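Novice: Enclosed is the structure file upload_16.txt (compact mmCIF, C-alpha atoms and all ligand atoms).
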# COMPACT_ATOMS: atom_id res chain seq x y z
CA MET Z 27 25.25 2.16 -8.27
CA PRO Z 28 25.60 5.68 -6.79
CA VAL Z 29 23.36 6.29 -3.76
CA ASP Z 30 20.68 8.75 -4.96
CA LYS Z 31 19.00 10.34 -1.96
CA SER Z 32 17.97 13.55 -3.73
CA TYR Z 33 14.33 12.77 -2.87
CA LEU Z 34 15.26 13.82 0.67
CA THR Z 35 16.27 17.34 -0.32
CA ASP Z 36 14.33 18.06 -3.53
CA GLU Z 37 10.66 17.17 -3.24
CA THR Z 38 10.24 17.00 -7.01
CA LYS Z 39 12.68 14.09 -6.94
CA SER Z 40 10.34 12.13 -4.65
CA VAL Z 41 7.45 10.02 -5.91
CA ARG Z 42 5.45 11.40 -2.98
CA TYR Z 43 5.38 14.91 -4.50
CA TRP Z 44 3.84 13.68 -7.75
CA ALA Z 45 1.57 11.09 -6.10
CA ASP Z 46 0.18 13.85 -3.87
CA LEU Z 47 -0.55 15.98 -6.93
CA LEU Z 48 -2.30 13.01 -8.57
CA GLY Z 49 -4.19 12.08 -5.41
CA LYS Z 50 -2.76 8.57 -5.51
CA ASP Z 51 -1.77 6.61 -2.41
CA PHE Z 52 1.91 5.71 -2.68
CA GLY Z 53 2.83 3.70 0.36
CA VAL Z 54 5.17 1.48 2.26
CA ALA Z 55 4.92 -1.22 4.92
CA ILE Z 56 6.92 -0.30 8.02
CA ASN Z 57 7.24 -1.20 11.68
CA SER Z 58 6.61 1.36 14.40
CA SER Z 59 10.34 1.32 15.19
CA ALA Z 60 10.87 3.17 11.89
CA THR Z 61 9.00 6.16 13.26
CA THR Z 62 11.65 6.81 15.92
CA ASN Z 63 14.63 5.93 13.73
CA ALA Z 64 16.06 9.21 12.38
CA THR Z 65 16.99 7.85 8.96
CA GLN Z 66 13.97 5.60 8.40
CA SER Z 67 11.46 8.22 9.53
CA ALA Z 68 12.98 10.90 7.28
CA VAL Z 69 13.12 8.54 4.31
CA THR Z 70 9.55 7.31 4.84
CA ALA Z 71 8.03 10.79 5.10
CA ALA Z 72 10.00 12.11 2.11
CA ALA Z 73 9.53 9.21 -0.26
CA PHE Z 74 5.97 8.03 0.46
CA ASN Z 75 2.53 9.49 1.38
CA THR Z 76 0.96 6.39 2.98
CA ILE Z 77 2.11 3.83 5.54
CA VAL Z 78 0.81 0.43 6.58
CA ALA Z 79 1.88 -1.73 9.53
CA GLU Z 80 3.87 -4.72 8.34
CA TRP Z 81 2.59 -6.76 11.30
CA GLU Z 82 1.81 -4.63 14.36
CA MET Z 83 -1.88 -4.05 13.66
CA LYS Z 84 -2.63 -7.73 13.17
CA PHE Z 85 -4.71 -9.83 15.56
CA ALA Z 86 -1.68 -11.44 17.27
CA ASN Z 87 -0.37 -8.03 18.33
CA THR Z 88 -3.57 -6.07 18.94
CA GLU Z 89 -5.34 -8.75 21.03
CA LYS Z 90 -2.56 -10.95 22.40
CA THR Z 91 -4.82 -11.80 25.31
CA ARG Z 92 -8.57 -12.22 24.90
CA ASN Z 93 -10.38 -8.89 25.18
CA VAL Z 94 -7.17 -7.03 26.16
CA PHE Z 95 -6.29 -4.65 23.34
CA ASN Z 96 -2.88 -3.25 22.44
CA TYR Z 97 -2.78 -0.15 20.23
CA LYS Z 98 0.69 1.09 21.18
CA GLU Z 99 2.44 0.43 17.89
CA GLY Z 100 -0.55 1.31 15.72
CA ASP Z 101 -1.00 4.59 17.60
CA ALA Z 102 2.70 5.38 17.07
CA LEU Z 103 2.26 4.77 13.36
CA TYR Z 104 -0.85 6.97 13.31
CA LYS Z 105 0.97 9.76 15.18
CA PHE Z 106 3.82 9.60 12.67
CA ALA Z 107 1.42 9.60 9.72
CA SER Z 108 -0.58 12.55 10.98
CA GLU Z 109 2.55 14.55 11.86
CA ASN Z 110 3.84 14.05 8.32
CA GLY Z 111 0.62 14.60 6.40
CA MET Z 112 0.44 10.91 5.52
CA LYS Z 113 -2.31 8.28 5.52
CA LEU Z 114 -2.39 5.14 7.66
CA ARG Z 115 -3.73 2.05 5.90
CA GLY Z 116 -5.05 -0.75 8.12
CA HIS Z 117 -3.73 -4.31 7.74
CA CYS Z 118 -5.40 -6.57 8.64
CA LEU Z 119 -8.45 -7.42 10.75
CA VAL Z 120 -8.86 -11.12 9.86
CA TRP Z 121 -6.20 -13.54 8.62
CA HIS Z 122 -5.19 -17.12 9.36
CA GLU Z 123 -1.62 -16.02 10.18
CA SER Z 124 -0.77 -13.74 13.09
CA VAL Z 125 -3.61 -15.28 15.07
CA PRO Z 126 -2.97 -15.31 18.83
CA SER Z 127 -2.51 -18.72 20.41
CA TRP Z 128 -5.65 -18.29 22.58
CA VAL Z 129 -7.67 -18.40 19.34
CA SER Z 130 -5.77 -21.16 17.54
CA SER Z 131 -2.26 -22.60 17.62
CA ASP Z 132 -1.80 -22.03 13.88
CA GLY Z 133 -4.85 -20.15 12.59
CA ILE Z 134 -5.99 -23.34 10.92
CA LYS Z 135 -6.79 -25.88 13.64
CA ASN Z 136 -9.72 -25.43 16.01
CA ASP Z 137 -7.62 -26.70 18.86
CA LYS Z 138 -9.45 -24.47 21.32
CA ASN Z 139 -12.71 -26.22 20.40
CA TRP Z 140 -14.65 -23.07 19.62
CA THR Z 141 -18.29 -23.35 18.65
CA ARG Z 142 -19.52 -21.23 15.75
CA GLU Z 143 -21.34 -18.86 18.11
CA GLU Z 144 -18.34 -18.43 20.41
CA LEU Z 145 -15.91 -17.76 17.56
CA LEU Z 146 -18.30 -15.29 15.95
CA LYS Z 147 -18.34 -13.44 19.27
CA VAL Z 148 -14.52 -13.44 19.39
CA LEU Z 149 -14.25 -12.13 15.86
CA LYS Z 150 -16.93 -9.48 16.30
CA ASN Z 151 -15.37 -8.22 19.53
CA HIS Z 152 -11.96 -7.99 17.87
CA ILE Z 153 -13.16 -6.09 14.82
CA MET Z 154 -15.49 -3.73 16.67
CA ASN Z 155 -12.73 -2.81 19.13
CA VAL Z 156 -9.83 -2.46 16.70
CA ALA Z 157 -11.70 -0.81 13.83
CA GLY Z 158 -13.52 1.30 16.40
CA HIS Z 159 -10.26 2.45 17.99
CA TYR Z 160 -8.83 3.47 14.63
CA LYS Z 161 -12.01 5.20 13.45
CA GLY Z 162 -10.99 8.41 11.73
CA LYS Z 163 -7.32 7.37 11.88
CA VAL Z 164 -7.21 4.44 9.45
CA TYR Z 165 -8.73 5.48 6.13
CA GLU Z 166 -8.86 1.99 4.61
CA TRP Z 167 -8.70 -1.58 5.94
CA ASP Z 168 -7.69 -4.92 4.58
CA VAL Z 169 -10.64 -6.44 6.42
CA VAL Z 170 -9.94 -10.03 5.39
CA ASN Z 171 -6.60 -11.25 4.08
CA GLU Z 172 -5.85 -14.36 2.00
CA CYS Z 173 -9.14 -16.20 2.53
CA LEU Z 174 -8.92 -18.22 -0.71
CA SER Z 175 -7.23 -21.58 -1.17
CA ASN Z 176 -4.26 -21.66 -3.52
CA ASP Z 177 -6.00 -24.55 -5.29
CA GLN Z 178 -8.69 -23.10 -7.52
CA SER Z 179 -9.00 -26.02 -9.90
CA ILE Z 180 -12.75 -25.69 -9.30
CA ILE Z 181 -12.65 -23.06 -12.04
CA LYS Z 182 -12.15 -25.82 -14.62
CA THR Z 183 -15.60 -27.25 -13.91
CA ASN Z 184 -17.41 -24.21 -12.48
CA SER Z 185 -16.52 -20.88 -14.08
CA SER Z 186 -18.19 -18.93 -11.26
CA GLY Z 187 -16.76 -21.06 -8.50
CA TYR Z 188 -14.12 -20.47 -5.84
CA THR Z 189 -12.64 -22.52 -3.01
CA MET Z 190 -12.17 -20.93 0.42
CA ARG Z 191 -8.96 -21.54 2.34
CA ASN Z 192 -9.31 -23.89 5.28
CA THR Z 193 -8.76 -21.72 8.33
CA VAL Z 194 -10.14 -21.68 11.85
CA TRP Z 195 -12.44 -18.84 10.80
CA TYR Z 196 -13.88 -20.58 7.75
CA ASP Z 197 -13.97 -24.10 9.13
CA VAL Z 198 -15.71 -23.18 12.40
CA ILE Z 199 -17.93 -20.28 11.35
CA GLY Z 200 -18.47 -20.93 7.64
CA GLU Z 201 -18.12 -18.52 4.72
CA ASP Z 202 -20.27 -15.94 6.44
CA PHE Z 203 -17.27 -15.05 8.65
CA LEU Z 204 -16.26 -12.99 5.63
CA ASP Z 205 -19.58 -11.12 5.31
CA SER Z 206 -19.79 -10.56 9.06
CA ALA Z 207 -16.24 -9.18 9.20
CA PHE Z 208 -17.04 -6.54 6.59
CA VAL Z 209 -20.38 -5.67 8.21
CA TRP Z 210 -18.76 -5.24 11.62
CA ALA Z 211 -15.88 -3.20 10.21
CA HIS Z 212 -18.37 -0.94 8.45
CA ARG Z 213 -20.41 -0.56 11.63
CA ALA Z 214 -17.28 0.27 13.64
CA ASP Z 215 -16.06 2.82 11.10
CA PRO Z 216 -18.60 3.74 8.42
CA ASP Z 217 -16.15 6.09 6.72
CA ALA Z 218 -13.31 3.62 6.24
CA LYS Z 219 -12.88 1.98 2.84
CA LEU Z 220 -13.08 -1.81 3.19
CA TYR Z 221 -10.87 -4.06 1.04
CA LEU Z 222 -10.51 -7.79 0.46
CA ASN Z 223 -6.80 -8.57 0.05
CA ASP Z 224 -4.99 -11.56 -1.44
CA TYR Z 225 -2.06 -12.78 -3.54
CA GLY Z 226 -2.07 -14.84 -6.73
CA ASN Z 227 -5.11 -12.79 -7.85
CA GLU Z 228 -3.16 -10.52 -10.19
CA LYS Z 229 -2.63 -12.35 -13.48
CA TRP Z 230 -5.84 -12.97 -15.44
CA SER Z 231 -4.65 -16.35 -16.73
CA ASP Z 232 -4.29 -17.68 -13.18
CA ALA Z 233 -7.28 -19.63 -11.84
CA LYS Z 234 -7.02 -17.87 -8.47
CA SER Z 235 -7.55 -14.51 -10.17
CA LYS Z 236 -10.85 -15.72 -11.60
CA ALA Z 237 -11.82 -17.34 -8.31
CA PHE Z 238 -11.05 -14.12 -6.41
CA LEU Z 239 -13.26 -12.18 -8.82
CA ASN Z 240 -16.02 -14.79 -8.37
CA LEU Z 241 -15.82 -14.43 -4.60
CA VAL Z 242 -15.98 -10.64 -4.84
CA LYS Z 243 -18.98 -10.86 -7.17
CA SER Z 244 -20.75 -13.14 -4.71
CA MET Z 245 -19.98 -10.71 -1.87
CA LYS Z 246 -21.44 -7.88 -3.93
CA ARG Z 247 -24.53 -9.98 -4.66
CA ARG Z 248 -24.93 -10.64 -0.93
CA GLY Z 249 -24.77 -6.92 -0.24
CA VAL Z 250 -21.49 -7.10 1.68
CA PRO Z 251 -20.09 -3.55 2.20
CA ILE Z 252 -16.88 -4.00 0.21
CA ASN Z 253 -15.24 -0.95 -1.43
CA GLY Z 254 -12.13 -2.40 -2.99
CA VAL Z 255 -9.75 -5.24 -3.63
CA GLY Z 256 -6.06 -5.61 -2.87
CA LEU Z 257 -3.73 -7.38 -5.26
CA GLN Z 258 -0.60 -8.01 -3.20
CA CYS Z 259 1.85 -8.34 -6.14
CA HIS Z 260 4.59 -10.43 -4.54
CA TYR Z 261 6.49 -11.27 -7.73
CA ASN Z 262 9.93 -11.70 -9.20
CA TYR Z 263 11.57 -8.79 -10.97
CA ASN Z 264 10.81 -10.15 -14.42
CA ASN Z 265 7.64 -12.19 -14.43
CA LEU Z 266 4.78 -9.71 -14.36
CA ASP Z 267 3.03 -9.21 -17.70
CA SER Z 268 1.25 -5.87 -18.15
CA THR Z 269 -1.61 -7.28 -20.23
CA GLU Z 270 -2.23 -10.01 -17.68
CA ILE Z 271 -2.54 -7.45 -14.92
CA ALA Z 272 -4.56 -4.93 -16.95
CA ASN Z 273 -7.13 -7.62 -17.83
CA THR Z 274 -7.60 -8.47 -14.16
CA VAL Z 275 -7.77 -4.82 -13.10
CA TYR Z 276 -10.46 -4.07 -15.69
CA GLU Z 277 -12.81 -6.66 -14.15
CA TYR Z 278 -13.03 -4.60 -10.97
CA LYS Z 279 -13.84 -1.44 -12.87
CA LYS Z 280 -16.85 -3.33 -14.22
CA LEU Z 281 -17.85 -4.10 -10.63
CA GLY Z 282 -17.50 -0.46 -9.63
CA LEU Z 283 -14.80 -1.30 -7.09
CA GLU Z 284 -11.54 0.38 -6.17
CA LEU Z 285 -8.31 -1.55 -6.52
CA LYS Z 286 -4.82 -1.26 -5.00
CA PHE Z 287 -1.50 -2.98 -5.49
CA THR Z 288 -1.06 -3.53 -1.76
CA GLU Z 289 2.23 -5.35 -1.05
CA ILE Z 290 4.53 -5.02 -4.04
CA ASP Z 291 7.95 -6.57 -3.95
CA LEU Z 292 9.72 -7.72 -7.12
CA SER Z 293 12.41 -10.10 -6.05
CA MET Z 294 15.73 -10.53 -7.80
CA GLN Z 295 16.93 -14.09 -7.90
CA ASN Z 296 19.82 -16.41 -7.24
CA SER Z 297 22.62 -13.96 -6.74
CA GLN Z 298 23.90 -11.15 -4.59
CA PHE Z 299 25.02 -8.91 -7.47
CA TYR Z 300 22.96 -7.88 -10.47
CA SER Z 301 23.60 -6.14 -13.78
CA ASP Z 302 22.20 -2.71 -14.72
CA GLU Z 303 19.99 -4.54 -17.21
CA GLN Z 304 18.48 -6.60 -14.38
CA TRP Z 305 17.82 -3.50 -12.29
CA GLU Z 306 16.26 -1.92 -15.38
CA GLU Z 307 14.04 -4.98 -15.76
CA GLN Z 308 12.92 -4.62 -12.16
CA ALA Z 309 12.23 -0.93 -12.89
CA ARG Z 310 10.23 -1.89 -15.99
CA THR Z 311 8.00 -4.10 -13.88
CA TYR Z 312 7.46 -1.34 -11.33
CA ARG Z 313 6.66 0.96 -14.26
CA VAL Z 314 3.98 -1.49 -15.45
CA LEU Z 315 2.17 -1.20 -12.14
CA ALA Z 316 2.63 2.58 -11.95
CA ASN Z 317 1.20 2.99 -15.45
CA ILE Z 318 -1.86 0.92 -14.59
CA CYS Z 319 -2.29 3.06 -11.48
CA ARG Z 320 -1.72 6.32 -13.37
CA LEU Z 321 -4.25 5.61 -16.09
CA ARG Z 322 -7.15 4.39 -13.97
CA PRO Z 323 -8.90 6.56 -11.34
CA TYR Z 324 -10.31 3.47 -9.61
CA VAL Z 325 -6.79 2.14 -9.07
CA THR Z 326 -6.30 4.22 -5.96
CA GLY Z 327 -2.64 3.53 -5.34
CA MET Z 328 0.26 1.21 -4.84
CA LEU Z 329 2.29 0.19 -1.79
CA VAL Z 330 5.58 -1.64 -1.48
CA TRP Z 331 6.14 -4.21 1.23
CA GLY Z 332 9.16 -2.78 2.97
CA LEU Z 333 11.11 0.48 3.23
CA SER Z 334 14.39 -0.69 1.73
CA ASP Z 335 16.15 -3.84 0.58
CA GLY Z 336 17.47 -4.07 4.12
CA GLN Z 337 13.91 -4.46 5.47
CA THR Z 338 12.37 -7.04 3.19
CA TRP Z 339 10.77 -10.31 4.27
CA VAL Z 340 11.89 -11.83 0.94
CA ASN Z 341 14.96 -14.02 0.88
CA SER Z 342 16.29 -14.77 -2.55
CA THR Z 343 16.84 -18.35 -3.52
CA ALA Z 344 20.59 -17.74 -3.25
CA ALA Z 345 21.25 -18.86 0.31
CA GLY Z 346 21.82 -16.04 2.72
CA THR Z 347 21.02 -13.25 0.31
CA LYS Z 348 17.92 -11.12 0.18
CA GLY Z 349 15.76 -10.70 -2.88
CA GLN Z 350 16.47 -6.94 -3.07
CA PRO Z 351 12.84 -6.53 -4.24
CA LEU Z 352 12.09 -2.95 -3.16
CA LEU Z 353 12.43 0.64 -4.36
CA LEU Z 354 15.23 1.84 -2.06
CA ASN Z 355 18.52 0.01 -1.70
CA TYR Z 356 20.32 -0.99 1.50
CA PHE Z 357 21.48 2.65 1.90
CA TYR Z 358 18.00 4.09 1.22
CA GLY Z 359 19.17 5.27 -2.20
CA ALA Z 360 16.51 5.42 -4.90
CA LYS Z 361 16.80 2.46 -7.27
CA PRO Z 362 15.79 2.58 -10.96
CA GLY Z 363 12.34 1.31 -9.96
CA TYR Z 364 11.72 4.33 -7.71
CA GLU Z 365 12.76 6.74 -10.46
CA ALA Z 366 10.62 4.81 -12.97
CA ILE Z 367 7.51 5.33 -10.84
CA ARG Z 368 8.37 8.99 -10.26
CA ARG Z 369 8.58 9.67 -13.98
CA VAL Z 370 5.29 7.89 -14.65
CA PHE Z 371 3.48 9.97 -12.03
CA ARG Z 372 5.29 13.18 -12.98
CA ASP Z 373 4.41 12.80 -16.67
CA LYS Z 374 0.78 12.20 -15.73
CA VAL Z 375 0.78 15.38 -13.64
CA ILE Z 376 2.22 17.43 -16.48
CA ASP Z 377 0.04 15.74 -19.15
CA SER Z 378 -2.99 16.51 -17.00
CA GLY Z 379 -2.01 20.16 -16.78
CA ILE Z 380 -2.06 19.92 -13.01
CA LEU Z 381 1.41 21.46 -13.06
CA SER Z 382 3.30 22.87 -16.01
CA PRO Z 383 6.96 21.93 -16.48
CA SER Z 384 8.08 25.42 -15.36
CA GLU Z 385 5.81 25.23 -12.30
CA GLU Z 386 7.31 21.81 -11.71
CA ARG Z 387 10.50 23.72 -10.92
CA VAL Z 388 8.89 26.58 -9.09
CA ALA Z 389 6.21 24.65 -7.27
CA ARG Z 390 7.33 24.80 -3.69
CA ASP Z 391 10.96 25.87 -3.40
CA ASN Z 392 10.41 29.18 -1.52
CA THR Z 393 12.39 30.94 -4.24
CA VAL Z 394 11.30 34.27 -5.69
CA TYR Z 395 11.60 34.26 -9.49
CA ASP Z 396 11.36 37.34 -11.69
CA LEU Z 397 9.33 37.51 -14.87
CA THR Z 398 12.16 35.92 -16.89
CA GLY Z 399 12.10 32.94 -14.51
CA LYS Z 400 15.43 33.99 -13.01
CA PRO Z 401 15.69 33.07 -9.32
CA ARG Z 402 16.12 36.23 -7.21
CA TYR Z 403 16.32 34.93 -3.64
CA VAL Z 404 14.90 32.37 -1.20
CA THR Z 405 12.55 33.52 1.54
CA ASP Z 406 9.96 32.16 3.96
CA ASP Z 407 8.17 35.51 3.90
CA PRO Z 408 6.49 36.37 0.58
CA LYS Z 409 5.69 39.88 1.92
CA SER Z 410 9.36 40.70 1.37
CA ILE Z 411 8.64 40.60 -2.36
CA TYR Z 412 6.91 44.00 -2.10
CA SER Z 413 10.24 45.63 -1.32
CA LEU Z 414 11.51 44.60 -4.77
CA PRO Z 415 11.49 46.90 -7.79
CA LYS Z 416 8.21 47.23 -9.69
CA GLY Z 417 7.37 44.10 -11.65
CA LEU Z 418 5.81 40.64 -11.58
CA TYR Z 419 7.35 37.89 -9.49
CA ILE Z 420 6.52 34.23 -8.95
CA TYR Z 421 6.83 32.58 -5.54
CA ASN Z 422 5.73 28.98 -4.82
CA GLY Z 423 3.54 28.99 -7.91
CA GLN Z 424 1.80 32.28 -7.00
CA LYS Z 425 2.14 35.53 -8.98
CA TYR Z 426 3.04 38.75 -7.05
CA ILE Z 427 2.77 42.20 -8.72
CA VAL Z 428 4.90 45.02 -7.22
CA LYS Z 429 3.47 48.38 -8.30
O1 LIG L 501 6.66 -11.42 17.49
C1 LIG L 501 7.87 -10.70 17.43
C2 LIG L 501 7.90 -9.62 18.48
O2 LIG L 501 7.74 -10.16 19.77
C3 LIG L 501 9.21 -8.91 18.36
O3 LIG L 501 9.25 -7.84 19.28
C4 LIG L 501 9.36 -8.37 16.96
C5 LIG L 501 10.73 -7.71 16.79
O4 LIG L 501 10.82 -7.25 15.46
O5 LIG L 501 9.22 -9.40 15.99
C6 LIG L 501 7.98 -10.03 16.10
O6 LIG L 501 7.92 -10.93 15.15
C7 LIG L 501 7.72 -11.11 13.89
C8 LIG L 501 7.35 -9.87 13.02
O7 LIG L 501 7.15 -10.29 11.65
C9 LIG L 501 8.43 -8.79 13.02
O8 LIG L 501 9.55 -9.25 12.34
C10 LIG L 501 6.52 -12.03 13.84
O9 LIG L 501 6.80 -13.13 14.68
C11 LIG L 501 6.38 -12.47 12.40
O10 LIG L 501 5.23 -13.32 12.28
C12 LIG L 501 6.10 -11.23 11.54
O11 LIG L 501 6.06 -11.66 10.19
C13 LIG L 501 5.27 -10.83 9.32
C14 LIG L 501 4.24 -11.75 8.62
O12 LIG L 501 3.51 -11.01 7.66
C15 LIG L 501 3.27 -12.32 9.64
O13 LIG L 501 2.61 -11.26 10.28
C16 LIG L 501 6.19 -10.23 8.27
O14 LIG L 501 7.01 -9.26 8.92
C17 LIG L 501 5.37 -9.54 7.18
O15 LIG L 501 6.22 -9.10 6.12
C18 LIG L 501 4.34 -10.52 6.59
O16 LIG L 501 3.56 -9.79 5.71
C19 LIG L 501 2.59 -10.56 4.98
C20 LIG L 501 1.32 -9.75 4.86
O17 LIG L 501 0.85 -9.39 6.15
C21 LIG L 501 0.28 -10.51 4.07
N1 LIG L 501 0.79 -10.88 2.76
C22 LIG L 501 2.05 -11.64 2.81
C23 LIG L 501 3.10 -10.86 3.57
C24 LIG L 501 4.43 -11.58 3.57
O18 LIG L 501 4.30 -12.79 4.28
Would you encode the structure as structure tokens?

Specialist:
Amino acid sequence: MPVDKSYLTDETKSVRYWADLLGKDFGVAINSSATTNATQSAVTAAAFNTIVAEWEMKFANTEKTRNVFNYKEGDALYKFASENGMKLRGHCLVWHESVPSWVSSDGIKNDKNWTREELLKVLKNHIMNVAGHYKGKVYEWDVVNECLSNDQSIIKTNSSGYTMRNTVWYDVIGEDFLDSAFVWAHRADPDAKLYLNDYGNEKWSDAKSKAFLNLVKSMKRRGVPINGVGLQCHYNYNNLDSTEIANTVYEYKKLGLELKFTEIDLSMQNSQFYSDEQWEEQARTYRVLANICRLRPYVTGMLVWGLSDGQTWVNSTAAGTKGQPLLLNYFYGAKPGYEAIRRVFRDKVIDSGILSPSEERVARDNTVYDLTGKPRYVTDDPKSIYSLPKGLYIYNGQKYIVK
């Protein structure tokens, strides 16, 4: 597969260009080291408009020691985002993984013998400090991540039921750790959008999807300040059904909530080499998610969980090989899935009349075109147009008349 890096030199070849025009968040999980790596930083800023910390803004890294806060990596990510006109998404304030050992050895056991009151104080202090520090920098938080048990057989006997995951937070504090976390996050940063994030909540036929919706409904009934839900979308390249996803997504429209595909990776399986048909199948699945995002204003965006197939957490089942689940290959070349998303967003832009096909070409290439659309020259200074012969010229989508 040839390495297509045209998104680096022609903005209309990047999904970012079209996502920006649509006002959709199109993001990627990275580590702060990517912001000082020449290749990774250039690729990230060209190909995406939103970043999220893969692990550096989690509890274990932001409060390694009780009441001592570390924002170094998160601040580096924010600096990079703001320098490149990007958004920084927050992930995550409360989870049972990436919990520092002074809270719990594994995020499940209460082996520090916290009382409910003490652990509430720990959690409140963490959220108020971290969400407070990133106020005005992080536009949206995964406040609580993966709080539901994978076993939601309760649905069989109670259609509005759900089973919480046993974690140190839930077991010691009770379910109101969830409500409190959202209330504190909202108090710390009233402008940030607050999301509940999980996996296995994507396909409508899965019990966990119904349980997740039931939990969200109960949070809404309790007046919890929740703005949106995250569907992580960790799947294989060929097992995501569009109707299944669309049915789930629709439920959140009915609740008046936003929704994001927050951690997409679509893993290939069992081999190191794949056919064009298999890459096309992976692209088709990415297209499914992009179409759902394109057609629904309340689906605010989609993020992939890793910059390139060289930076994925997913190992394929073939020993020693990676699942190659992402949009850019090992050489940061755009894969069929990246191009599939670009076309979906581009077509939406053109269908919406936001940008006509001809403007698509002219949009922002600093080229002066004459009335026939013929390129005359490239300039950074549009005033130079007035030294041209009388006529009408187009430059970066603007019309210039020389009398
Ligand atoms: O702790 C070391 C640190 O000391 C060292 O400097 C650094 C060097 O890279 O590595 C650090 O470690 C690991 C980190 O990934 C970076 O590789 C952490 O030990 C390890 O726990 C961490 O794993 C992350 C995991 O979440 C737990 O935070 C994965 O990268 C990340 O992909 C994964 O992401 C989760 C989402 O947050 C939630 N949904 C599932 C998803 C996949 O598990």

Novice: For ligand LIG 501 (chain L), return the neighbouring residues as a PDB file with C-alpha atoms, keeping the file's coordinate frame (distance at most 7 Å; all atoms listed in the file).

Specialist:
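And here's selection.pdb as it stands now:
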ATOM      1  CA  GLU Z  80       3.870  -4.720   8.340  1.00  0.00           C
ATOM      2  CA  TRP Z  81       2.590  -6.760  11.300  1.00  0.00           C
ATOM      3  CA  LYS Z  84      -2.630  -7.730  13.170  1.00  0.00           C
ATOM      4  CA  GLU Z 123      -1.620 -16.020  10.180  1.00  0.00           C
ATOM      5  CA  SER Z 124      -0.770 -13.740  13.090  1.00  0.00           C
ATOM      6  CA  ASN Z 171      -6.600 -11.250   4.080  1.00  0.00           C
ATOM      7  CA  GLN Z 258      -0.600  -8.010  -3.200  1.00  0.00           C
ATOM      8  CA  GLU Z 289       2.230  -5.350  -1.050  1.00  0.00           C
ATOM      9  CA  TRP Z 331       6.140  -4.210   1.230  1.00  0.00           C
ATOM     10  CA  TRP Z 339      10.770 -10.310   4.270  1.00  0.00           C
TER      11      TRP Z 339
END

Novice: Residues near Asn355 of chain Z, anyone? I mean within 6 Å using only C-alpha atoms, not counting same-chain ones fewer than 2 positions away, as a VMD selection string.

Specialist: chain Z and resid 334 to 335 357 to 359

Novice: At what distance in Å, to one decimal, does atom CA of Ile290 of chain Z lie from atom CA of Val325 of chain Z?

Specialist: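 These atoms are spaced 14.3 Å apart.
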
Novice: Could you write out as JSON the box around segment 57-75 of chain Z (axis-aligned, all atoms listed in the file, 4 Å on each side), with centre and edge lengths in Å to one decimal?

Specialist:
{"center_x": 9.8, "center_y": 5.5, "center_z": 7.8, "size_x": 22.5, "size_y": 21.3, "size_z": 24.2}

Novice: For segment 181-187 of chain Z, please output as a PyMOL selection string all residues within 9 Å (counting all atoms listed in the file; exclusion window: fewer than 5 positions along the same chain).

Specialist: chain Z and resi 233-234+236-237+239-241

Novice: Restricted to C-alpha atoms, what would the selected residues look like written as a compact mmCIF listing (two decimals), in the frame of the given file?

Specialist:
# COMPACT_ATOMS: atom_id res chain seq x y z
CA ALA Z 233 -7.28 -19.63 -11.84
CA LYS Z 234 -7.02 -17.87 -8.47
CA LYS Z 236 -10.85 -15.72 -11.60
CA ALA Z 237 -11.82 -17.34 -8.31
CA LEU Z 239 -13.26 -12.18 -8.82
CA ASN Z 240 -16.02 -14.79 -8.37
CA LEU Z 241 -15.82 -14.43 -4.60

Novice: Nearest to Lys113 of chain Z: which of Z:Tyr43, Z:Phe287, Z:Phe52, Z:Trp140 is it, counting all atoms listed in the file?

Specialist: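 For Lys113 of chain Z, the nearest of the candidates is Z:Phe52.
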
Novice: One number please: atom CA of Glu307 of chain Z to atom CA of Lys348 of chain Z, in Å, one decimal.

Specialist: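 Atom-to-atom, atom CA of Glu307 of chain Z and atom CA of Lys348 of chain Z are spaced 17.5 Å apart.
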